[in-house]
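Beneath this line is the structure, given in C-alpha cells, with notes to follow.
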Amino acid sequence: MTNEATVQDGQVVTMEYTLRVDGEVIDTSEGHEPIEFIQGVGNIIPGLESALYGMKVGESKDVQVSAKEGYGEEDPAAYVDVPRDQFPDTIPMEVGVALSVQDGNGNPLHATIQEVGEETVQLNFNHPLAGKELHFSVTIAGLRPATEEEMAHKHVH
Ligand code: ZN
C-alpha cells in the first residue's frame with residue numbers, strides 16, 4: 001500500500017468515523033475497530049460515499065449528509081396501527097420501545113412504538129435516523145484494492 005492511493009471505486013476503505021445528529025453522538029468507531037467497506041458499491045449511505053472520493057490515508061473530513069442522501073425522508077405511510085392484542089405480553093407497551101417483526105416473507109423489520117392507545121398501538125417503521133441531517137467526522141485509516149472475489153460479493157472479506 002502506498003500513501004499516494006486515494007479513495008476510488010473498487011478500493012477497500014478502512015475508516016474511523018463519528019456520526020452526530022443534532023449535536024449528539026449517535027455512533028462512533030472510537031474505542032472500536034474502524035469500519036471497512038468497498039467504495040462505490042453502496043456499502044455505506046450514498047451521501048457519505050460520494051464525499052469520500054479522492055481522500056488519502058490519514059486525511060480527515062467533516063461531511064454533512066441530508067436526510068435524502070442519508071436514511072431517507074420520513075415516510076408517513078410507515079406509521080402503522082396494530083391491534084393491541086396482536087402483541088405478546090412480553091413486549092412492554094411503551095413509547096420508544098424498539099421491536100423486530102417479520103414481514104409477510106419472513107424478512108426482519110425494525111419498528112419503534114410511537115403511540116399506545118386503548119385498542120391499538122402505532123408502530124413507526126421509519127429508520128430512526130430518517131428525516132435527520134447526518135454529520136460525519138471521518139478519517140481514512142487505510143486503503144487497498146478490493147480482490148476480485150470481494151468485488152463479486154460486494155463486501156469486504
Ligand atoms: Zn463474500
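Each chain of the C-alpha cells is named A, B, ... in the order shown, its residues numbered from 1; ligands are numbered from 1 in display order.
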Residues within 10 Å of ligand 1 (only C-alpha atoms and all ligand atoms), as a short mmCIF file (atom, residue, chain, number, x, y, z; two decimals) with all heavy atoms, in the first residue's frame?
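Below you can see part_30.cif, which holds the result:
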```
data_model
loop_
_atom_site.label_atom_id
_atom_site.label_comp_id
_atom_site.auth_asym_id
_atom_site.auth_seq_id
_atom_site.Cartn_x
_atom_site.Cartn_y
_atom_site.Cartn_z
N GLU A 149 -12.79 -11.41 -5.80
CA GLU A 149 -13.84 -12.10 -5.06
C GLU A 149 -14.66 -11.09 -4.23
O GLU A 149 -15.88 -11.17 -4.18
CB GLU A 149 -13.21 -13.16 -4.15
CG GLU A 149 -14.21 -14.23 -3.73
CD GLU A 149 -13.63 -15.20 -2.70
OE1 GLU A 149 -12.52 -14.93 -2.18
OE2 GLU A 149 -14.31 -16.19 -2.42
N GLU A 150 -13.97 -10.15 -3.61
CA GLU A 150 -14.67 -9.13 -2.82
C GLU A 150 -15.60 -8.31 -3.72
O GLU A 150 -16.73 -7.98 -3.34
CB GLU A 150 -13.66 -8.23 -2.10
CG GLU A 150 -13.01 -8.89 -0.91
CD GLU A 150 -11.90 -8.05 -0.29
OE1 GLU A 150 -11.18 -7.36 -1.06
OE2 GLU A 150 -11.74 -8.07 0.92
N MET A 151 -15.11 -7.95 -4.90
CA MET A 151 -15.94 -7.17 -5.84
C MET A 151 -17.16 -7.97 -6.25
O MET A 151 -18.27 -7.44 -6.36
CB MET A 151 -15.12 -6.75 -7.08
CG MET A 151 -14.16 -5.61 -6.83
SD MET A 151 -14.93 -4.15 -6.05
CE MET A 151 -15.83 -3.44 -7.43
N ALA A 152 -16.97 -9.28 -6.49
CA ALA A 152 -18.09 -10.12 -6.90
C ALA A 152 -19.12 -10.21 -5.78
O ALA A 152 -20.33 -10.21 -6.04
CB ALA A 152 -17.59 -11.51 -7.29
N HIS A 153 -18.65 -10.25 -4.53
CA HIS A 153 -19.57 -10.37 -3.40
C HIS A 153 -20.07 -9.02 -2.91
O HIS A 153 -20.99 -8.95 -2.11
CB HIS A 153 -18.87 -11.08 -2.23
CG HIS A 153 -18.57 -12.53 -2.48
ND1 HIS A 153 -18.20 -13.38 -1.47
CD2 HIS A 153 -18.58 -13.26 -3.61
CE1 HIS A 153 -18.00 -14.60 -2.00
NE2 HIS A 153 -18.22 -14.53 -3.29
N LYS A 154 -19.42 -7.94 -3.35
CA LYS A 154 -19.76 -6.59 -2.90
C LYS A 154 -19.65 -6.41 -1.39
O LYS A 154 -20.40 -5.64 -0.78
CB LYS A 154 -21.16 -6.19 -3.37
CG LYS A 154 -21.26 -5.99 -4.88
CD LYS A 154 -22.58 -5.36 -5.24
CE LYS A 154 -22.66 -4.78 -6.63
NZ LYS A 154 -22.06 -5.55 -7.71
N HIS A 155 -18.70 -7.12 -0.77
CA HIS A 155 -18.38 -6.86 0.64
C HIS A 155 -16.94 -7.25 0.90
O HIS A 155 -16.33 -8.00 0.14
CB HIS A 155 -19.35 -7.56 1.58
CG HIS A 155 -19.39 -9.06 1.44
ND1 HIS A 155 -20.53 -9.76 1.34
CD2 HIS A 155 -18.39 -9.98 1.39
CE1 HIS A 155 -20.27 -11.05 1.23
NE2 HIS A 155 -18.96 -11.21 1.25
N VAL A 156 -16.41 -6.72 2.01
CA VAL A 156 -15.01 -6.96 2.37
C VAL A 156 -14.89 -8.31 3.04
O VAL A 156 -15.71 -8.69 3.85
CB VAL A 156 -14.52 -5.85 3.34
CG1 VAL A 156 -13.09 -6.12 3.77
CG2 VAL A 156 -14.64 -4.48 2.67
N HIS A 157 -13.84 -9.04 2.68
CA HIS A 157 -13.58 -10.34 3.33
C HIS A 157 -12.56 -10.19 4.45
O HIS A 157 -11.88 -9.21 4.54
CB HIS A 157 -13.04 -11.35 2.30
CG HIS A 157 -14.14 -11.85 1.41
ND1 HIS A 157 -13.89 -12.58 0.29
CD2 HIS A 157 -15.48 -11.71 1.48
CE1 HIS A 157 -15.05 -12.89 -0.31
NE2 HIS A 157 -16.02 -12.37 0.40
#
```
Nearby residues (only C-alpha atoms) at most 12 Å from Gly23 (chain A), same-chain spacing under 6 positions excluded, as a list in words: Lys132, Glu133, Leu134, His135, Phe136 and Ser137 of chain A
CA of His32 (chain A) to CA of Ile140 (chain A), distance in Å rounded to a single decimal: 14.9 Å
Two-atom distance - CA of Val97 (chain A), CA of Gly117 (chain A) (Å): 14.5 Å
From A:Met93, A:Ala146, A:Gly31, A:Gln114, residue lying nearest Ala78 (chain A) [only C-alpha atoms]: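 Going through A:Met93, A:Ala146, A:Gly31, A:Gln114 one by one, the smallest distance to Ala78 (chain A) is for A:Gln114.
Residues in contact range of Val12 (chain A), defined as at most 9 Å between only C-alpha atoms, with sequence neighbours fewer than 4 positions away removed, read A:Val7, A:Gln8, A:Glu36, A:Phe37, A:Ile38, A:Gln39, A:Gly142, A:Leu143, A:Arg144, A:Pro145, A:Ala146, A:Thr147, A:His155, A:Val156.
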Which of chain A fall in helix (DSSP H, G or I), as a PyMOL selection string: chain A and resi 46-49+76-78+84-86+148-153
Distance of CA of Glu24 (chain A) from CA of Val57 (chain A), expressed in Å to one decimal place: 26.7 Å
Skip Gly96 (chain A) itself and residues of its chain fewer than 5 positions away, then list as a short mmCIF file (atom, residue, chain, number, x, y, z; two decimals) with all heavy atoms, in the first residue's frame all residues within 9 Å of it, counting only C-alpha atoms.
```cif
data_model
loop_
_atom_site.label_atom_id
_atom_site.label_comp_id
_atom_site.auth_asym_id
_atom_site.auth_seq_id
_atom_site.Cartn_x
_atom_site.Cartn_y
_atom_site.Cartn_z
N THR A 112 -40.49 1.07 15.94
CA THR A 112 -40.49 1.67 17.26
C THR A 112 -41.93 1.97 17.63
O THR A 112 -42.71 2.39 16.77
CB THR A 112 -39.69 3.00 17.23
OG1 THR A 112 -38.47 2.78 16.56
CG2 THR A 112 -39.40 3.50 18.64
N ILE A 113 -42.28 1.75 18.88
CA ILE A 113 -43.64 2.10 19.33
C ILE A 113 -43.75 3.62 19.39
O ILE A 113 -42.97 4.28 20.09
CB ILE A 113 -43.96 1.45 20.68
CG1 ILE A 113 -43.97 -0.07 20.54
CG2 ILE A 113 -45.32 1.97 21.20
CD1 ILE A 113 -44.26 -0.82 21.84
N GLN A 114 -44.71 4.13 18.64
CA GLN A 114 -44.88 5.57 18.52
C GLN A 114 -45.95 6.09 19.47
O GLN A 114 -45.82 7.18 20.02
CB GLN A 114 -45.27 5.89 17.06
CG GLN A 114 -45.41 7.36 16.74
CD GLN A 114 -44.06 8.04 16.64
OE1 GLN A 114 -43.04 7.40 16.49
NE2 GLN A 114 -44.06 9.36 16.76
N GLU A 115 -46.99 5.30 19.62
CA GLU A 115 -48.13 5.72 20.42
C GLU A 115 -48.82 4.48 20.96
O GLU A 115 -48.91 3.48 20.26
CB GLU A 115 -49.13 6.45 19.50
CG GLU A 115 -49.54 7.84 19.95
CD GLU A 115 -50.49 8.46 18.94
OE1 GLU A 115 -51.68 8.10 18.95
OE2 GLU A 115 -50.01 9.27 18.13
#
```
Polymer residues at most 10 Å from Gln86 (chain A), only C-alpha atoms, same-chain spacing of 4 or more positions, as a PyMOL selection string: chain A and resi 82+120-121
Exercise: Ser100 (chain A) partners within 9 Å, only C-alpha atoms, chain neighbours under 6 positions left out, as a PyMOL selection string: chain A and resi 108-112
I need the chosen residues saved as an mmCIF file, in the first residue's frame, with all heavy atoms.
```
data_model
loop_
_atom_site.group_PDB
_atom_site.id
_atom_site.type_symbol
_atom_site.label_atom_id
_atom_site.label_comp_id
_atom_site.auth_asym_id
_atom_site.auth_seq_id
_atom_site.Cartn_x
_atom_site.Cartn_y
_atom_site.Cartn_z
ATOM 1 N N PRO A 108 -36.808 -9.584 8.408
ATOM 2 C CA PRO A 108 -36.913 -8.797 9.636
ATOM 3 C C PRO A 108 -37.163 -7.319 9.336
ATOM 4 O O PRO A 108 -36.578 -6.756 8.415
ATOM 5 C CB PRO A 108 -35.549 -8.983 10.299
ATOM 6 C CG PRO A 108 -34.623 -9.354 9.201
ATOM 7 C CD PRO A 108 -35.446 -10.021 8.135
ATOM 8 N N LEU A 109 -38.054 -6.704 10.089
ATOM 9 C CA LEU A 109 -38.326 -5.273 10.003
ATOM 10 C C LEU A 109 -38.158 -4.690 11.393
ATOM 11 O O LEU A 109 -38.466 -5.344 12.384
ATOM 12 C CB LEU A 109 -39.769 -5.028 9.535
ATOM 13 C CG LEU A 109 -40.137 -5.383 8.115
ATOM 14 C CD1 LEU A 109 -41.635 -5.221 7.910
ATOM 15 C CD2 LEU A 109 -39.374 -4.505 7.136
ATOM 16 N N HIS A 110 -37.670 -3.471 11.438
ATOM 17 C CA HIS A 110 -37.494 -2.820 12.726
ATOM 18 C C HIS A 110 -38.517 -1.717 12.873
ATOM 19 O O HIS A 110 -38.786 -0.974 11.941
ATOM 20 C CB HIS A 110 -36.075 -2.284 12.859
ATOM 21 C CG HIS A 110 -35.069 -3.383 12.780
ATOM 22 N ND1 HIS A 110 -34.829 -4.239 13.840
ATOM 23 C CD2 HIS A 110 -34.290 -3.817 11.765
ATOM 24 C CE1 HIS A 110 -33.930 -5.139 13.473
ATOM 25 N NE2 HIS A 110 -33.588 -4.908 12.220
ATOM 26 N N ALA A 111 -39.071 -1.639 14.036
ATOM 27 C CA ALA A 111 -40.088 -0.629 14.294
ATOM 28 C C ALA A 111 -39.918 -0.099 15.708
ATOM 29 O O ALA A 111 -39.264 -0.725 16.541
ATOM 30 C CB ALA A 111 -41.478 -1.233 14.127
ATOM 31 N N THR A 112 -40.486 1.066 15.940
ATOM 32 C CA THR A 112 -40.486 1.668 17.264
ATOM 33 C C THR A 112 -41.927 1.974 17.628
ATOM 34 O O THR A 112 -42.705 2.390 16.769
ATOM 35 C CB THR A 112 -39.694 3.003 17.230
ATOM 36 O OG1 THR A 112 -38.471 2.777 16.562
ATOM 37 C CG2 THR A 112 -39.403 3.496 18.638
#
```
Backbone DSSP call of strand (DSSP E) for region 2-157 of chain A, listed as an MDAnalysis selection string: chainID A and resid 11:21 24:28 35:38 60:65 79:83 98:102 108:116 120:124 134:145
Top pick for closest residue to Ala5 (chain A), considering A:Asp85, A:Ala141, A:Tyr71, A:Ile91 and counting only C-alpha atoms: A:Ala141
Nearest residue to Ser66 (chain A) from the set A:Gly131, A:Thr18, A:Thr6, A:Gln122 (distances using only C-alpha atoms): A:Gly131
A:Leu129, A:Val13, A:Val80, A:Val101 ranked by distance to Val116 (chain A), top pick (using only C-alpha atoms): A:Val80
